[in-house]
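What follows is the content of upload17.tsv, which has TSV, C-alpha atoms and all ligand atoms:
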chain	number	residue	atom	x	y	z
A	111	MET	CA	-0.26	33.27	1.05
A	112	SER	CA	1.90	30.23	1.71
A	113	TYR	CA	0.36	26.99	2.82
A	114	ASN	CA	3.60	25.51	4.03
A	115	VAL	CA	5.03	25.75	7.51
A	116	ASN	CA	6.80	28.97	8.61
A	117	GLU	CA	10.08	29.20	10.57
A	118	LYS	CA	8.15	29.22	13.83
A	119	GLY	CA	6.39	25.96	13.03
A	120	TYR	CA	3.00	27.41	12.12
A	121	TYR	CA	0.58	26.98	9.25
A	122	GLY	CA	-1.38	30.22	9.51
A	123	LYS	CA	-2.45	30.23	13.13
A	124	PHE	CA	-2.20	26.45	13.54
A	125	GLY	CA	0.71	24.30	14.65
A	126	GLY	CA	3.45	25.21	17.12
A	127	ALA	CA	4.81	23.04	19.90
A	128	PHE	CA	2.66	23.00	23.04
A	129	ILE	CA	4.54	20.48	25.11
A	130	PRO	CA	5.41	19.87	28.75
A	131	GLU	CA	8.69	21.52	29.67
A	132	MET	CA	10.30	18.15	30.35
A	133	LEU	CA	9.81	17.18	26.72
A	134	TYR	CA	11.39	20.34	25.41
A	135	PRO	CA	14.99	19.01	25.01
A	136	ASN	CA	13.82	16.02	22.91
A	137	VAL	CA	11.65	18.06	20.56
A	138	GLU	CA	14.23	20.85	20.35
A	139	GLU	CA	17.00	18.41	19.38
A	140	LEU	CA	14.82	17.17	16.54
A	141	ARG	CA	13.82	20.69	15.49
A	142	GLN	CA	17.42	21.83	15.29
A	143	ASN	CA	18.54	18.85	13.25
A	144	TYR	CA	15.78	17.53	11.02
A	145	LEU	CA	16.28	19.79	7.99
A	146	LYS	CA	20.06	19.51	8.18
A	147	VAL	CA	19.92	15.73	8.34
A	148	MET	CA	17.36	15.45	5.54
A	149	ALA	CA	19.51	17.63	3.30
A	150	GLU	CA	22.58	15.38	3.64
A	151	PRO	CA	23.30	13.59	0.35
A	152	GLU	CA	24.01	10.35	2.25
A	153	PHE	CA	20.63	10.55	3.98
A	154	GLN	CA	18.83	11.21	0.69
A	155	LYS	CA	20.65	8.35	-0.96
A	156	GLU	CA	19.77	5.84	1.74
A	157	PHE	CA	16.15	7.06	1.96
A	158	ASN	CA	15.60	6.84	-1.79
A	159	GLN	CA	17.31	3.46	-2.04
A	160	LEU	CA	15.06	1.97	0.63
A	161	LEU	CA	11.96	3.51	-0.91
A	162	LYS	CA	12.91	1.83	-4.16
A	163	ASP	CA	14.20	-1.57	-3.05
A	164	TYR	CA	12.27	-2.14	0.18
A	165	VAL	CA	9.00	-0.22	-0.19
A	166	GLY	CA	8.76	-0.85	-3.93
A	167	ARG	CA	8.56	2.77	-5.14
A	168	PRO	CA	7.68	4.45	-7.35
A	169	SER	CA	4.09	3.36	-6.77
A	170	PRO	CA	2.15	3.30	-10.05
A	171	LEU	CA	-0.08	6.15	-11.17
A	172	TYR	CA	-2.87	4.12	-12.68
A	173	PHE	CA	-5.50	5.47	-15.09
A	174	ALA	CA	-8.75	3.91	-13.89
A	175	LYS	CA	-10.50	3.52	-17.22
A	176	ARG	CA	-13.78	1.91	-16.21
A	177	LEU	CA	-14.19	4.17	-13.16
A	178	SER	CA	-13.47	7.19	-15.37
A	179	GLU	CA	-16.07	6.07	-17.90
A	180	LYS	CA	-18.69	5.67	-15.23
A	181	TYR	CA	-18.21	9.20	-13.88
A	182	ASN	CA	-17.32	10.78	-17.23
A	183	THR	CA	-14.04	12.34	-16.09
A	184	LYS	CA	-10.36	11.29	-15.95
A	185	ILE	CA	-9.50	9.49	-12.73
A	186	TYR	CA	-5.98	8.39	-11.85
A	187	LEU	CA	-5.24	6.33	-8.75
A	188	LYS	CA	-1.96	6.80	-6.91
A	189	ARG	CA	-1.32	3.24	-5.81
A	190	GLU	CA	0.09	3.56	-2.27
A	191	ASP	CA	-1.77	0.32	-1.57
A	192	LEU	CA	0.99	-1.50	-3.45
A	193	ASN	CA	3.72	-0.41	-1.04
A	194	HIS	CA	5.32	-2.95	1.28
A	195	THR	CA	2.98	-3.28	4.32
A	196	GLY	CA	0.08	-2.09	2.18
A	197	ALA	CA	-0.19	1.67	2.74
A	198	HIS	CA	1.54	5.03	2.61
A	199	LYS	CA	2.58	4.97	6.29
A	200	ILE	CA	5.84	3.17	5.51
A	201	ASN	CA	7.21	6.22	3.61
A	202	ASN	CA	7.24	8.14	6.88
A	203	THR	CA	8.54	5.37	9.13
A	204	ILE	CA	11.46	4.71	6.77
A	205	GLY	CA	12.33	8.41	6.91
A	206	GLN	CA	12.05	8.60	10.68
A	207	ILE	CA	14.06	5.47	11.39
A	208	LEU	CA	16.92	6.91	9.32
A	209	MET	CA	16.53	10.20	11.20
A	210	ALA	CA	16.67	8.33	14.53
A	211	LYS	CA	19.87	6.57	13.51
A	212	ARG	CA	21.51	9.83	12.42
A	213	LEU	CA	20.62	11.34	15.81
A	214	GLY	CA	22.23	8.39	17.59
A	215	LYS	CA	19.02	6.84	18.93
A	216	ASN	CA	18.81	3.08	19.39
A	217	ARG	CA	15.38	2.73	20.94
A	218	ILE	CA	12.12	3.53	19.17
A	219	ILE	CA	8.72	4.22	20.69
A	220	ALA	CA	5.39	4.77	18.98
A	221	GLU	CA	1.71	4.83	19.77
A	222	THR	CA	-0.96	3.26	17.63
A	223	GLY	CA	-4.74	3.15	17.54
A	224	ALA	CA	-5.78	0.78	14.78
A	225	GLY	CA	-2.32	-0.75	14.71
A	226	GLN	CA	-1.35	0.29	11.18
A	227	HIS	CA	1.26	2.78	12.32
A	228	GLY	CA	2.48	0.29	14.94
A	229	VAL	CA	3.04	-2.29	12.20
A	230	ALA	CA	4.84	0.22	9.95
A	231	THR	CA	7.07	1.20	12.89
A	232	ALA	CA	7.78	-2.40	13.96
A	233	THR	CA	8.67	-3.15	10.33
A	234	VAL	CA	11.38	-0.51	10.04
A	235	CYS	CA	12.74	-1.36	13.51
A	236	ALA	CA	13.19	-4.97	12.37
A	237	LEU	CA	14.81	-3.68	9.19
A	238	MET	CA	17.34	-1.66	11.20
A	239	GLY	CA	17.66	-3.97	14.21
A	240	LEU	CA	16.43	-1.36	16.71
A	241	GLU	CA	14.38	-1.97	19.84
A	242	CYS	CA	10.71	-1.12	19.33
A	243	ILE	CA	8.06	-0.38	21.95
A	244	VAL	CA	4.52	0.32	20.79
A	245	TYR	CA	1.92	1.75	23.16
A	246	MET	CA	-1.64	0.78	22.41
A	247	GLY	CA	-4.90	1.20	24.31
A	248	GLU	CA	-6.13	-1.99	25.98
A	249	ILE	CA	-9.43	-1.78	24.09
A	250	ASP	CA	-7.63	-1.30	20.78
A	251	ILE	CA	-5.42	-4.31	21.51
A	252	ALA	CA	-8.54	-6.43	21.83
A	253	ARG	CA	-10.14	-4.92	18.69
A	254	GLN	CA	-7.07	-5.16	16.46
A	255	ALA	CA	-5.69	-8.62	17.21
A	256	PRO	CA	-4.16	-9.28	13.74
A	257	ASN	CA	-2.08	-6.09	13.88
A	258	VAL	CA	-0.96	-6.88	17.43
A	259	ALA	CA	0.21	-10.28	16.19
A	260	ARG	CA	2.03	-8.65	13.27
A	261	MET	CA	3.88	-6.27	15.58
A	262	LYS	CA	4.92	-9.14	17.85
A	263	MET	CA	6.12	-11.23	14.91
A	264	LEU	CA	8.20	-8.26	13.80
A	265	GLY	CA	9.88	-8.21	17.21
A	266	ALA	CA	8.11	-5.26	18.83
A	267	THR	CA	6.93	-5.09	22.42
A	268	VAL	CA	3.29	-4.01	22.60
A	269	VAL	CA	2.51	-2.23	25.87
A	270	PRO	CA	-1.17	-1.84	26.83
A	271	ALA	CA	-2.39	1.60	27.95
A	272	THR	CA	-4.84	0.91	30.74
A	273	SER	CA	-5.83	4.42	31.82
A	274	GLY	CA	-8.74	6.62	30.71
A	275	SER	CA	-10.71	5.38	27.71
A	276	LYS	CA	-7.96	2.80	26.98
A	277	THR	CA	-7.69	3.98	23.37
A	278	LEU	CA	-5.41	6.10	21.22
A	279	LYS	CA	-5.12	9.21	23.36
A	280	ASP	CA	-4.19	7.15	26.40
A	281	ALA	CA	-1.54	5.33	24.37
A	282	THR	CA	-0.20	8.74	23.32
A	283	ASN	CA	0.06	9.83	26.95
A	284	GLU	CA	2.04	6.67	27.76
A	285	ALA	CA	4.39	7.23	24.83
A	286	ILE	CA	5.03	10.83	25.89
A	287	ARG	CA	5.71	9.70	29.44
A	288	ASP	CA	8.22	7.15	28.13
A	289	TRP	CA	9.96	9.79	26.01
A	290	ILE	CA	10.29	12.16	28.97
A	291	ASN	CA	11.96	9.35	30.93
A	292	ASN	CA	14.30	8.35	28.08
A	293	PRO	CA	15.41	11.58	26.43
A	294	VAL	CA	18.87	10.51	25.29
A	295	ASP	CA	18.58	7.18	23.51
A	296	THR	CA	14.95	7.17	22.31
A	297	HIS	CA	13.19	8.53	19.23
A	298	TYR	CA	9.39	8.82	19.14
A	299	ILE	CA	8.00	7.97	15.70
A	300	ILE	CA	4.74	9.82	15.14
A	301	GLY	CA	2.60	8.36	12.37
A	302	SER	CA	0.87	11.31	10.75
A	303	VAL	CA	1.26	15.06	10.16
A	304	VAL	CA	0.31	15.73	13.77
A	305	GLY	CA	2.19	16.40	17.02
A	306	PRO	CA	4.42	19.32	18.00
A	307	HIS	CA	6.57	21.12	15.42
A	308	PRO	CA	8.70	19.82	13.68
A	309	TYR	CA	6.71	16.57	13.33
A	310	PRO	CA	3.97	17.78	10.96
A	311	ASP	CA	6.56	19.31	8.63
A	312	MET	CA	8.98	16.39	8.87
A	313	VAL	CA	6.27	13.80	8.16
A	314	ALA	CA	4.90	15.90	5.26
A	315	ARG	CA	8.39	16.05	3.75
A	316	PHE	CA	8.79	12.26	3.99
A	317	GLN	CA	5.38	11.76	2.37
A	318	ALA	CA	6.15	14.38	-0.31
A	319	ILE	CA	7.72	11.62	-2.41
A	320	VAL	CA	4.14	10.84	-3.46
A	321	SER	CA	3.45	14.15	-5.26
A	322	GLU	CA	7.02	14.24	-6.52
A	323	GLU	CA	6.25	11.01	-8.38
A	324	ILE	CA	2.80	12.19	-9.49
A	325	GLN	CA	4.43	15.12	-11.30
A	326	TRP	CA	6.58	13.05	-13.64
A	327	GLN	CA	4.11	10.18	-13.90
A	328	LEU	CA	1.28	12.49	-14.96
A	329	LYS	CA	3.63	14.11	-17.47
A	330	GLU	CA	4.10	10.69	-19.07
A	331	HIS	CA	0.35	10.03	-19.20
A	332	GLU	CA	-1.08	13.46	-19.97
A	333	GLY	CA	1.83	15.70	-20.96
A	334	THR	CA	1.35	17.90	-17.89
A	335	THR	CA	2.70	17.74	-14.35
A	336	LYS	CA	-0.48	19.27	-12.93
A	337	PRO	CA	-3.79	17.55	-12.35
A	338	ASP	CA	-6.93	19.68	-11.93
A	339	TYR	CA	-7.69	18.04	-8.60
A	340	VAL	CA	-5.86	15.94	-6.05
A	341	VAL	CA	-8.07	14.01	-3.66
A	342	ALA	CA	-7.27	12.19	-0.42
A	343	CYS	CA	-8.94	10.94	2.73
A	344	VAL	CA	-7.88	12.64	5.94
A	345	GLY	CA	-7.36	11.03	9.32
A	346	GLY	CA	-4.41	12.95	10.72
A	347	GLY	CA	-3.62	14.04	7.17
A	348	SER	CA	-0.38	12.36	6.07
A	349	ASN	CA	-1.46	10.68	2.84
A	350	ALA	CA	-3.22	13.92	1.90
A	351	ALA	CA	-0.08	15.92	2.72
A	352	GLY	CA	1.84	13.56	0.45
A	353	VAL	CA	-0.39	14.03	-2.59
A	354	TYR	CA	-0.77	17.80	-1.98
A	355	TYR	CA	2.81	18.67	-1.13
A	356	HIS	CA	4.22	19.87	-4.45
A	357	TYR	CA	0.92	21.52	-5.38
A	358	LEU	CA	0.27	23.38	-2.12
A	359	ASP	CA	1.15	26.82	-3.42
A	360	ASP	CA	-0.08	26.23	-6.98
A	361	GLU	CA	-3.71	27.32	-7.02
A	362	ASP	CA	-4.28	25.84	-10.48
A	363	VAL	CA	-4.46	22.52	-8.68
A	364	GLN	CA	-7.52	22.15	-6.47
A	365	LEU	CA	-7.17	20.18	-3.26
A	366	ILE	CA	-9.98	17.98	-1.98
A	367	ALA	CA	-9.87	16.53	1.54
A	368	VAL	CA	-12.30	13.79	2.46
A	369	GLU	CA	-13.24	13.22	6.06
A	370	ALA	CA	-15.20	10.42	7.68
A	371	ALA	CA	-18.76	11.45	8.54
A	372	GLY	CA	-19.34	8.10	10.28
A	373	LEU	CA	-23.09	7.69	10.77
A	374	GLY	CA	-23.58	11.32	9.63
A	375	VAL	CA	-21.99	14.66	10.49
A	376	ASP	CA	-24.79	15.56	12.93
A	377	SER	CA	-25.29	12.07	14.32
A	378	GLY	CA	-22.87	12.37	17.24
A	379	GLU	CA	-21.01	9.39	15.76
A	380	SER	CA	-18.57	11.02	13.36
A	381	ALA	CA	-14.93	11.88	12.70
A	382	ALA	CA	-15.52	14.94	10.47
A	383	THR	CA	-12.99	16.98	12.41
A	384	SER	CA	-12.73	20.14	10.36
A	385	VAL	CA	-16.49	20.70	10.19
A	386	LEU	CA	-17.20	19.73	13.80
A	387	GLY	CA	-13.92	20.76	15.36
A	388	ARG	CA	-12.97	23.92	17.18
A	389	GLU	CA	-9.55	25.34	17.90
A	390	GLY	CA	-7.70	23.60	20.64
A	391	ILE	CA	-4.54	21.73	21.46
A	392	ILE	CA	-4.03	18.04	20.87
A	393	HIS	CA	-0.76	16.08	20.74
A	394	GLY	CA	1.21	19.27	21.29
A	395	SER	CA	-0.21	21.17	18.35
A	396	LYS	CA	-2.80	23.93	17.98
A	397	THR	CA	-5.36	22.72	15.50
A	398	LEU	CA	-9.02	21.88	15.00
A	399	LEU	CA	-10.34	19.11	17.17
A	400	MET	CA	-13.62	17.63	18.26
A	401	GLN	CA	-14.29	18.66	21.83
A	402	THR	CA	-17.05	19.28	24.33
A	403	ASN	CA	-17.98	22.81	25.44
A	404	ASP	CA	-15.57	22.56	28.34
A	405	GLY	CA	-12.71	21.40	26.12
A	406	GLN	CA	-12.71	17.63	26.68
A	407	ILE	CA	-11.71	15.68	23.58
A	408	THR	CA	-14.70	13.84	22.07
A	409	GLU	CA	-14.31	10.18	21.08
A	410	PRO	CA	-14.58	10.11	17.29
A	411	TYR	CA	-16.29	7.39	15.32
A	412	SER	CA	-15.75	6.00	11.83
A	413	ILE	CA	-16.13	2.52	10.34
A	414	SER	CA	-12.50	2.92	9.22
A	415	ALA	CA	-10.08	2.73	12.09
A	416	GLY	CA	-7.50	4.89	10.30
A	417	LEU	CA	-9.83	7.92	10.08
A	418	ASP	CA	-11.05	7.60	13.63
A	419	TYR	CA	-8.99	10.49	15.03
A	420	PRO	CA	-10.44	13.48	16.96
A	421	GLY	CA	-8.03	16.04	15.51
A	422	VAL	CA	-6.45	16.88	12.19
A	423	GLY	CA	-2.92	18.05	11.40
A	424	PRO	CA	-2.26	21.82	11.54
A	425	MET	CA	-1.56	21.99	7.79
A	426	HIS	CA	-5.06	20.72	7.11
A	427	ALA	CA	-6.66	22.99	9.71
A	428	HIS	CA	-5.09	25.88	7.80
A	429	LEU	CA	-6.13	24.50	4.40
A	430	TYR	CA	-9.68	24.31	5.74
A	431	LYS	CA	-9.87	27.74	7.38
A	432	SER	CA	-8.21	29.49	4.44
A	433	GLY	CA	-10.46	27.75	1.92
A	434	ARG	CA	-7.45	26.44	-0.03
A	435	ALA	CA	-8.81	22.89	0.19
A	436	GLU	CA	-12.39	21.80	-0.21
A	437	PHE	CA	-13.50	19.48	2.60
A	438	ILE	CA	-16.13	16.84	1.91
A	439	SER	CA	-17.44	14.38	4.49
A	440	ILE	CA	-18.52	10.89	3.56
A	441	THR	CA	-20.60	8.47	5.64
A	442	ASP	CA	-19.70	4.87	6.45
A	443	ASP	CA	-22.33	3.55	4.05
A	444	ASP	CA	-21.25	5.71	1.13
A	445	ALA	CA	-17.60	4.79	1.67
A	446	MET	CA	-18.36	1.08	1.78
A	447	THR	CA	-20.40	1.31	-1.43
A	448	ALA	CA	-17.59	3.17	-3.21
A	449	GLY	CA	-15.06	0.59	-2.00
A	450	LEU	CA	-17.08	-2.29	-3.39
A	451	GLU	CA	-17.55	-0.38	-6.64
A	452	LEU	CA	-13.77	-0.10	-7.09
A	453	CYS	CA	-13.50	-3.87	-6.62
A	454	LYS	CA	-16.03	-4.53	-9.37
A	455	LEU	CA	-14.87	-1.85	-11.82
A	456	GLU	CA	-11.11	-2.05	-11.46
A	457	GLY	CA	-10.23	-5.27	-9.65
A	458	ILE	CA	-8.74	-3.38	-6.71
A	459	ILE	CA	-9.87	-3.93	-3.11
A	460	PRO	CA	-9.21	-0.63	-1.31
A	461	ALA	CA	-8.74	0.13	2.37
A	462	ILE	CA	-11.94	1.59	3.82
A	463	GLU	CA	-10.04	4.81	4.52
A	464	SER	CA	-9.27	5.17	0.81
A	465	SER	CA	-12.85	4.25	-0.08
A	466	HIS	CA	-13.95	7.53	1.51
A	467	ALA	CA	-11.95	9.43	-1.11
A	468	LEU	CA	-13.52	7.35	-3.89
A	469	ALA	CA	-17.03	8.16	-2.67
A	470	ILE	CA	-16.84	11.81	-3.74
A	471	PHE	CA	-17.79	10.91	-7.31
A	472	GLU	CA	-21.37	10.35	-6.17
A	473	LYS	CA	-21.34	13.79	-4.46
A	474	LYS	CA	-19.60	16.08	-6.87
A	475	GLN	CA	-19.70	16.47	-10.64
A	476	PHE	CA	-16.46	16.86	-12.62
A	477	GLN	CA	-15.91	17.87	-16.27
A	478	PRO	CA	-15.01	15.24	-18.88
A	479	ASN	CA	-11.58	16.82	-19.37
A	480	ASP	CA	-10.78	17.23	-15.68
A	481	ILE	CA	-7.78	15.24	-14.52
A	482	LEU	CA	-8.11	13.90	-10.99
A	483	VAL	CA	-5.52	12.08	-8.94
A	484	VAL	CA	-6.99	10.14	-6.04
A	485	SER	CA	-4.76	8.80	-3.29
A	486	LEU	CA	-5.40	5.09	-2.89
A	487	SER	CA	-3.75	5.20	0.52
A	488	GLY	CA	-4.00	1.51	1.38
A	489	ARG	CA	-5.23	-1.93	0.44
A	490	GLY	CA	-8.31	-3.60	1.82
A	491	ASP	CA	-6.98	-6.91	3.13
A	492	LYS	CA	-6.99	-5.60	6.68
A	493	ASP	CA	-10.65	-4.61	6.28
A	494	LEU	CA	-11.99	-7.86	4.92
A	495	GLU	CA	-13.99	-8.65	8.03
A	496	THR	CA	-15.65	-5.23	7.97
A	497	TYR	CA	-16.55	-5.66	4.29
A	498	ILE	CA	-17.89	-9.16	5.02
A	499	ASN	CA	-20.11	-7.94	7.85
A	500	HIS	CA	-21.30	-4.86	6.00
A	501	PHE	CA	-22.30	-6.60	2.78
A	502	LYS	CA	-23.17	-9.98	4.36
A	503	LEU	CA	-20.69	-11.60	1.96
B	601	LIG	C1	-3.61	5.53	8.63
B	601	LIG	C2	-4.31	5.52	7.34
B	601	LIG	C3	-4.99	6.65	6.84
B	601	LIG	C4	-5.16	7.91	7.61
B	601	LIG	O1	-4.00	8.56	8.00
B	601	LIG	P1	-3.49	9.90	7.31
B	601	LIG	O2	-2.38	10.34	8.16
B	601	LIG	O3	-4.64	10.87	7.30
B	601	LIG	O4	-3.07	9.57	5.94
B	601	LIG	C5	-5.54	6.57	5.57
B	601	LIG	N1	-5.47	5.44	4.84
B	601	LIG	C6	-4.84	4.34	5.28
B	601	LIG	C7	-4.81	3.13	4.41
B	601	LIG	C8	-4.24	4.34	6.55
B	601	LIG	O5	-3.63	3.23	6.98

Show me this structure written as structure tokens.
Amino acid sequence: MSYNVNEKGYYGKFGGAFIPEMLYPNVEELRQNYLKVMAEPEFQKEFNQLLKDYVGRPSPLYFAKRLSEKYNTKIYLKREDLNHTGAHKINNTIGQILMAKRLGKNRIIAETGAGQHGVATATVCALMGLECIVYMGEIDIARQAPNVARMKMLGATVVPATSGSKTLKDATNEAIRDWINNPVDTHYIIGSVVGPHPYPDMVARFQAIVSEEIQWQLKEHEGTTKPDYVVACVGGGSNAAGVYYHYLDDEDVQLIAVEAAGLGVDSGESAATSVLGREGIIHGSKTLLMQTNDGQITEPYSISAGLDYPGVGPMHAHLYKSGRAEFISITDDDAMTAGLELCKLEGIIPAIESSHALAIFEKKQFQPNDILVVSLSGRGDKDLETYINHFKL
């Protein structure tokens, strides 16, 4: 069995492109060109140069000695938190802005919930001097003021979505409407391995730099390119896709996906999409999503804004249903505790999203010789207020 996308844009039975007919030309143009463009030596050269000089790659693969001692196993952290802008999202936005330029687009749109993807998009638009419009729910604009300010400083226009629940899915609807109205000059930068084919595959390929680096970095540390486990938190699934990518079809390497249980999987306040989700269509893709009995998308909840997404990418839906990846859900409290533990043991303040991945060590026992690579997807500066309130610091 292959766990990668097939020619039709499916991972098993998940994926595809379920889009309004008026969007078809835009998505089709991208589908016909993305692999060709990515294979061009000039594209590869520019992409790799920017990852090195602008993002600061390769990100270190750090052996967490004190954390490893505590849990009596070998834990490596892939330090995406050290990237420019503080998370893995920039790998994808760099790739997509170069793609947009190759396709002759001079106007960029995006939607954002917590604002992290909006900031990563505004960053690369400033870098390239392209116009940037970010759609964001009115409620999210109020909740995420620092990220809104960042986007504005970077020259982006932030447009409030005022319909429906005034959150992420409404912002997505606005972005799609914009794209339908501007098919020729506009590229839509999607921020995770979600959306209609070819987005999940394209974003996974841009994030694949992460496991490409892990292979040679682990070889230097341990004399092998293969860890026993790779571990990542999953919102839409892009940092997980990055750490899994080169190991997807190698069953010697076990994949662990960590979802946000919020207040508890059965509490009604959760974002554990694979466990709670059923098949449906969201953002143009057939996948698992949290929905009511009559198919309305349920508002997810997690203390970490980046995991607060009602669906999951089609690659991950397939990894879940096929059993290739083990899915573990972690509550708000357990994630926060694990995040604070990393601060004390290693001197690293993680994003709360990443803290979910770190919390598995209290749930699951590993062998002393097991080699684990955990994706430290982002840094915790953006989450300081949440840490302060949670621990009464
Ligand atoms: C956005 C974000 C995530 C979740 O998104 P994925 O696409 O699942 O990776 C995780 N960690 C951080 C730090 C983020 O900003």

Worksheet item: ligand LIG 601 (chain B): which residues are within 6 Å, counting all atoms listed in the file, as a count of residues only?
Response: 17

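For Ile129 of chain A, the residues within 10 Å (counting only C-alpha atoms, excluding itself and residues fewer than 4 positions away along the chain) are Leu133, Tyr134, Val137, Ile286, Gly305, Pro306, His307, Ile391, Ile392, His393, Gly394 and Ser395 of chain A.
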
Worksheet item: Using all atoms listed in the file, which of A:Ile407, A:Leu187, A:Leu278, A:Ala236 sits nearest Ala220 of chain A?
Response: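 Using all atoms listed in the file, Ala220 of chain A sits closest to A:Leu278.
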
Worksheet item: If I put a ball of radius 8 Å at (-16.2, 10.6, 11.3) in the file's coordinates, which residues poke into it when counting only C-alpha atoms, written as JSON, numbers by chain?
Response: {"A": [369, 370, 371, 372, 373, 374, 375, 379, 380, 381, 382, 383, 410, 411, 412, 417, 418, 439, 441]}

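Separating atom CA of Asp493 of chain A from atom CA of Ala224 of chain A is a distance of 11.2 Å.
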
Discussion item. As number ranges by chain, please: the residues near segment 289-298 of chain A (cut-off 7 Å, all atoms listed in the file, same-chain neighbours under 2 positions excluded).
Written reply: A: 132-133, 136, 210, 215-220, 285-287, 300

Worksheet item: Between atom CA of Tyr339 of chain A and atom CA of Ile366 of chain A, what is the distance, to one decimal in Å?
Response: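 Rounded to one decimal, the two atoms are 7.0 Å apart.
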
Discussion item. From the options A:Val234, A:Val385, A:Ala342, A:Ala314, which residue's atoms come nearest to Tyr355 of chain A, counting only C-alpha atoms?
Written reply: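 Checking each candidate against Tyr355 of chain A, we get A:Ala314 as the closest.
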
Working from the structure I just supplied, which lacks atoms in segment 412-427 of chain A, can you model N, CA and C atoms there and output them as a PDB file, in the coordinates of the input?
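The result, stored in result.pdb:
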ATOM      1  N   SER A 412     -15.657   6.301  13.266  1.00  0.00           N
ATOM      2  CA  SER A 412     -15.750   6.000  11.830  1.00  0.00           C
ATOM      3  C   SER A 412     -15.640   4.495  11.675  1.00  0.00           C
ATOM      4  N   ILE A 413     -16.260   3.964  10.618  1.00  0.00           N
ATOM      5  CA  ILE A 413     -16.130   2.520  10.340  1.00  0.00           C
ATOM      6  C   ILE A 413     -14.679   2.189  10.005  1.00  0.00           C
ATOM      7  N   SER A 414     -13.903   3.187   9.548  1.00  0.00           N
ATOM      8  CA  SER A 414     -12.500   2.920   9.220  1.00  0.00           C
ATOM      9  C   SER A 414     -11.620   3.392  10.362  1.00  0.00           C
ATOM     10  N   ALA A 415     -10.879   2.444  10.904  1.00  0.00           N
ATOM     11  CA  ALA A 415     -10.080   2.730  12.090  1.00  0.00           C
ATOM     12  C   ALA A 415      -9.049   3.825  11.834  1.00  0.00           C
ATOM     13  N   GLY A 416      -8.549   3.921  10.606  1.00  0.00           N
ATOM     14  CA  GLY A 416      -7.500   4.890  10.300  1.00  0.00           C
ATOM     15  C   GLY A 416      -7.996   6.335  10.241  1.00  0.00           C
ATOM     16  N   LEU A 417      -9.304   6.542  10.148  1.00  0.00           N
ATOM     17  CA  LEU A 417      -9.830   7.920  10.080  1.00  0.00           C
ATOM     18  C   LEU A 417     -10.441   8.341  11.410  1.00  0.00           C
ATOM     19  N   ASP A 418     -10.391   7.449  12.356  1.00  0.00           N
ATOM     20  CA  ASP A 418     -11.050   7.600  13.630  1.00  0.00           C
ATOM     21  C   ASP A 418     -10.152   8.399  14.588  1.00  0.00           C
ATOM     22  N   TYR A 419      -9.926   9.665  14.256  1.00  0.00           N
ATOM     23  CA  TYR A 419      -8.990  10.490  15.030  1.00  0.00           C
ATOM     24  C   TYR A 419      -9.687  11.826  15.329  1.00  0.00           C
ATOM     25  N   PRO A 420      -9.628  12.301  16.584  1.00  0.00           N
ATOM     26  CA  PRO A 420     -10.440  13.480  16.960  1.00  0.00           C
ATOM     27  C   PRO A 420      -9.861  14.809  16.468  1.00  0.00           C
ATOM     28  N   GLY A 421      -8.629  14.799  15.992  1.00  0.00           N
ATOM     29  CA  GLY A 421      -8.030  16.040  15.510  1.00  0.00           C
ATOM     30  C   GLY A 421      -7.681  15.916  14.040  1.00  0.00           C
ATOM     31  N   VAL A 422      -6.962  16.917  13.550  1.00  0.00           N
ATOM     32  CA  VAL A 422      -6.450  16.880  12.190  1.00  0.00           C
ATOM     33  C   VAL A 422      -5.145  17.663  12.236  1.00  0.00           C
ATOM     34  N   GLY A 423      -4.205  17.351  11.360  1.00  0.00           N
ATOM     35  CA  GLY A 423      -2.920  18.050  11.400  1.00  0.00           C
ATOM     36  C   GLY A 423      -3.097  19.548  11.163  1.00  0.00           C
ATOM     37  N   PRO A 424      -2.136  20.353  11.661  1.00  0.00           N
ATOM     38  CA  PRO A 424      -2.260  21.820  11.540  1.00  0.00           C
ATOM     39  C   PRO A 424      -2.235  22.307  10.087  1.00  0.00           C
ATOM     40  N   MET A 425      -1.531  21.599   9.207  1.00  0.00           N
ATOM     41  CA  MET A 425      -1.560  21.990   7.790  1.00  0.00           C
ATOM     42  C   MET A 425      -2.993  21.950   7.265  1.00  0.00           C
ATOM     43  N   HIS A 426      -3.698  20.900   7.620  1.00  0.00           N
ATOM     44  CA  HIS A 426      -5.060  20.720   7.110  1.00  0.00           C
ATOM     45  C   HIS A 426      -6.036  21.693   7.761  1.00  0.00           C
ATOM     46  N   ALA A 427      -5.813  21.991   9.047  1.00  0.00           N
ATOM     47  CA  ALA A 427      -6.660  22.990   9.710  1.00  0.00           C
ATOM     48  C   ALA A 427      -6.543  24.310   8.956  1.00  0.00           C
TER      49      ALA A 427
END
